[in-house]
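> Next up is a structure, given as structure tokens.
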Amino acid sequence: MALSWVSDIASWIRNINYWSSMDSIAWKNLPDIALIEVYGYLGDGDRANMALTCKNWCRIFETPRLWRSRSFEIGGYKASQIGQIAVKFSEKYGSFIRYLTLSCSHPSSHTCKIIQKTMEDFFHNIESARIYDFELERLELERFWKYDNVREKLVDSFVKFFRNQSHLRTFDMSSAQCPLTMGCKILEAVREASGESVDDLCLEDFFHSRLAVFQVKRFRGIIAGFTNLRFLSINYNCISEAIIEILTTSASGKLRNFSIKVYRSDPHFHRIPTSVWRRLKQSCPSLEVDIWFESIGNSTEILPILVPDIPLRDIHLWTGYDDDAEWNLHATLMHIGNNFKHCLANVSMELDNNHEIIDEAILNLINKCKKLKDLTINAFVSVDAIKQICELQEENKIKLRHFNMTACGLSEVEWTDLCEIRDRYEPMFKARDLKFFIKSDLLIDAQ
């Protein structure tokens with residue numbers, strides 16, 4: 001409840017000079033609901049100071065509602081000290097937590113044992129908590145955790161904890177980079193306890209790279225056990241024709257957003273027929289798909305993945321950098337514009353296209369995709385093509401709301417021309433409240 005008077009009281013509490021007038025006001029008799037709102041505006045240190053004021057305020061300090069949502073950063077050069085703080089908090093207030101975010105700060109061979117012991121103790125203390133949302137960032141088991149016994153103890157702590165959590169709605173362990181067996185153990189524990197309640201499952205980079213997870217029968221069984229999914233984020237090496245068929249049944253009528261990352265080091269040469277995507281869309285009419293290509297630019301790798309029946313809403317394409325590569329980006333962009341014109345809303349491209357001209361393909365995509373609202377381009381694009389985009393917007397032939405253009409490789413003369421074009425259309429952008437940003441990668445505009 002964002003009430004201005006609550007914010008005022010919170011600011012007064014931080015001001016030590018204000019307490020001189022405490023005796024003249026019946027602060028100790030403030031209603032509980034008002035005190036709880038005030039506490040909600042304060043950090044932990046100010047909350048502790050406020051609790052020292054009187055017995056009533058100390059009593060409110062123990063209110064479970066104040067400790068429902070917690071975030072801890074574990075690790076770093078103060079790994080031991082930070083870990084002790086998290087564990088002490090969990091001893092007293094851990095059972096109150098409902099929304100938990102943990103992040104691993106710079107794990108290393110030195111701090112991993114400390115992080116493992118911290119998490120073991122922390123999870124033990126909050127076993128009785130009813131967690132709804134769980135998020136763990138930057139675990140990166142493949143990259144930093146070199147000792148198998150430490151990793152195994154950590155995973156065992158996860159498994160034991162998740163087996164006691166039967167009300168999870170959000171599970172996010174992106175960038176965990178788990179080995180196959182360990183990752184499956186964790187997911188099985190989540191599925192067994194919360195398979196019917198989890199509606200947001202984020203598994204982006206959950207497994208370490210180079211694994212063909214989609215071929216593993218055990219993983220297919222795990223996915224089948226999540227029967228309430230509305231949001232799913234996953235790598236392409238974890239999906240297949242069989243996985244999509246499973247989702248068609250298990251997430252029927254529920255799945256709304258399907259986010260897929262295609263990474264160069266992950267297996268991505270297997271194909272999913274367009275008919276399989278069509279059946280998934282029929283089963284989940286509200287489904288929208290987002291696809292992120294990372295360090296992949298060759299059309300022979302991209303086009304077989306982008307089959308026409310994918311309900312593609314958002315696409316990000318980053319080619320990576322290779323001066324000798326022949327990406328054939330013209331074919332890729334023409335394919336996107338021609339096949340997803342009825343559903344595509346957001347496009348982001350970082351293209352190393354110094355070997356080919358893509359102006360025609362970009363203009364084709366913009367003209368055909370009538371639902372396109374957000375366009376970000378970092379590529380070699382001619383000044384004339386950028387001018388045509390501005391003209392189309394001025395004439396209401398396209399409906400972009402956000403356009404972020406970084407033109408690469410311009411000469412000084414071309415940059416001067418581009419600045420004139422930008423200045424020419426700037427009043428129109430402002431009048432229509434459009435977020436149009438036009439710049440170069442090499443030259444800095446004095447404005």
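Each chain in the structure tokens gets a letter, A, B and so on, in the order shown; residues start at 1 in every chain, and ligands are counted from 1 in the order they appear.
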Compile the contact shell of Ile366 in chain A as a ChimeraX atom specification: residues with an atom at most 9 Å away, counting only C-alpha atoms, same-chain residues fewer than 2 positions apart removed.

/A:337,341,361-364,368-370,372,375,389,398,400

> I'd like the contact shell of Lys435 in chain A - 7 Å cut-off, only C-alpha atoms, skipping same-chain residues fewer than 4 positions apart - returned as a list in words.

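What passes the distance filter is Arg401, His402 and Phe403 of chain A.
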
> Export, as a compact mmCIF listing (two decimals), in the first residue's frame, the selected residues with all heavy atoms.


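File written: out-v1.txt
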# COMPACT_ATOMS: atom_id res chain seq x y z
N ARG A 401 7.17 1.69 -31.83
CA ARG A 401 7.15 2.54 -30.65
C ARG A 401 8.57 2.78 -30.13
O ARG A 401 8.84 3.78 -29.47
CB ARG A 401 6.32 1.90 -29.53
CG ARG A 401 4.87 1.66 -29.88
CD ARG A 401 4.14 2.94 -30.22
NE ARG A 401 4.25 3.94 -29.17
CZ ARG A 401 3.84 5.20 -29.30
NH1 ARG A 401 3.36 5.63 -30.47
NH2 ARG A 401 3.96 6.05 -28.29
N HIS A 402 9.45 1.85 -30.42
CA HIS A 402 10.83 1.95 -29.98
C HIS A 402 11.75 1.51 -31.11
O HIS A 402 11.59 0.43 -31.66
CB HIS A 402 11.06 1.08 -28.73
CG HIS A 402 12.46 1.19 -28.18
ND1 HIS A 402 13.52 0.48 -28.69
CD2 HIS A 402 12.97 1.93 -27.15
CE1 HIS A 402 14.61 0.77 -28.01
NE2 HIS A 402 14.31 1.64 -27.07
N PHE A 403 12.69 2.38 -31.47
CA PHE A 403 13.65 2.08 -32.53
C PHE A 403 15.03 2.53 -32.06
O PHE A 403 15.27 3.71 -31.85
CB PHE A 403 13.25 2.79 -33.82
CG PHE A 403 14.23 2.60 -34.96
CD1 PHE A 403 14.65 1.33 -35.32
CD2 PHE A 403 14.71 3.69 -35.69
CE1 PHE A 403 15.54 1.14 -36.38
CE2 PHE A 403 15.59 3.52 -36.74
CZ PHE A 403 16.01 2.23 -37.09

> Tell me which protein, DNA and RNA residues are within 9 Å of Asp384 in chain A, counting only C-alpha atoms, leaving out same-chain ones fewer than 4 positions away, and put them as a PDB file with all heavy atoms, in the first residue's frame.


ATOM      1  N   ASP A 359      20.101  -4.073 -46.327  1.00  0.00           N
ATOM      2  CA  ASP A 359      19.084  -3.010 -46.300  1.00  0.00           C
ATOM      3  C   ASP A 359      17.730  -3.506 -46.793  1.00  0.00           C
ATOM      4  O   ASP A 359      16.692  -3.266 -46.152  1.00  0.00           O
ATOM      5  CB  ASP A 359      19.534  -1.832 -47.177  1.00  0.00           C
ATOM      6  CG  ASP A 359      20.754  -1.124 -46.610  1.00  0.00           C
ATOM      7  OD1 ASP A 359      21.247  -1.544 -45.552  1.00  0.00           O
ATOM      8  OD2 ASP A 359      21.205  -0.149 -47.226  1.00  0.00           O
ATOM      9  N   GLN A 388      14.678   5.789 -44.850  1.00  0.00           N
ATOM     10  CA  GLN A 388      13.415   5.186 -45.297  1.00  0.00           C
ATOM     11  C   GLN A 388      12.582   4.696 -44.113  1.00  0.00           C
ATOM     12  O   GLN A 388      11.345   4.800 -44.134  1.00  0.00           O
ATOM     13  CB  GLN A 388      13.697   4.021 -46.253  1.00  0.00           C
ATOM     14  CG  GLN A 388      14.237   4.451 -47.613  1.00  0.00           C
ATOM     15  CD  GLN A 388      14.381   3.265 -48.554  1.00  0.00           C
ATOM     16  OE1 GLN A 388      13.420   2.554 -48.829  1.00  0.00           O
ATOM     17  NE2 GLN A 388      15.589   3.052 -49.049  1.00  0.00           N
ATOM     18  N   ILE A 389      13.245   4.195 -43.089  1.00  0.00           N
ATOM     19  CA  ILE A 389      12.515   3.754 -41.895  1.00  0.00           C
ATOM     20  C   ILE A 389      11.824   4.939 -41.236  1.00  0.00           C
ATOM     21  O   ILE A 389      10.658   4.863 -40.828  1.00  0.00           O
ATOM     22  CB  ILE A 389      13.476   3.058 -40.907  1.00  0.00           C
ATOM     23  CG1 ILE A 389      13.999   1.755 -41.522  1.00  0.00           C
ATOM     24  CG2 ILE A 389      12.772   2.776 -39.574  1.00  0.00           C
ATOM     25  CD1 ILE A 389      15.095   1.084 -40.696  1.00  0.00           C
ATOM     26  N   LEU A 418      23.572  11.370 -41.468  1.00  0.00           N
ATOM     27  CA  LEU A 418      22.650  10.685 -40.558  1.00  0.00           C
ATOM     28  C   LEU A 418      22.171  11.627 -39.454  1.00  0.00           C
ATOM     29  O   LEU A 418      21.000  11.587 -39.051  1.00  0.00           O
ATOM     30  CB  LEU A 418      23.329   9.454 -39.958  1.00  0.00           C
ATOM     31  CG  LEU A 418      22.442   8.537 -39.101  1.00  0.00           C
ATOM     32  CD1 LEU A 418      21.254   8.037 -39.892  1.00  0.00           C
ATOM     33  CD2 LEU A 418      23.247   7.358 -38.551  1.00  0.00           C
TER      34      LEU A 418
END

> What is the CA of Trp415 in chain A-CA of His330 in chain A distance in Å, reported with one decimal?

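The value is 23.9 Å.
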
> Leaving out range 146-160 of chain A and any residue of its chain fewer than 3 positions from it, which residues lie within 9 Å of it when counting only C-alpha atoms, given as an NGL selection string?

:A and (108-109 or 112-113 or 115-117 or 119-121 or 123-124 or 127 or 141-143 or 163-164 or 182-183 or 185-190)

> Calculated over only C-alpha atoms, which of the candidates A:Cys284, A:Cys184, A:Leu203, A:Leu434 has the smallest distance to Lys261 in chain A?

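Ranking A:Cys284, A:Cys184, A:Leu203, A:Leu434 by distance to Lys261 in chain A, first place goes to A:Leu203.
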
> How would you write, as a ChimeraX atom specification, the set of residues in range 52-269 of chain A that DSSP gives as helix (DSSP H, G or I)?

/A:55-61,64-67,79-96,112-125,141-144,148-162,180-194,213-215,217-224,236-238,241-250

> List the neighbours of Ile60 in chain A out to 12 Å using only C-alpha atoms; skip same-chain residues closer than 2 positions along the sequence, and give me the result as an NGL selection string.

:A and (28-40 or 47-48 or 50-58 or 62-67)

> Mind giving me the straight-line distance from CA of Cys343 in chain A to CA of Thr248 in chain A in Å, one decimal?

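Separation between CA of Cys343 in chain A and CA of Thr248 in chain A: 20.0 Å.
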
> Which of these, A:Val216, A:Met349, A:Ala331, A:Ala129, has the shortest distance to Ser95 in chain A once you count only C-alpha atoms?

A:Ala129
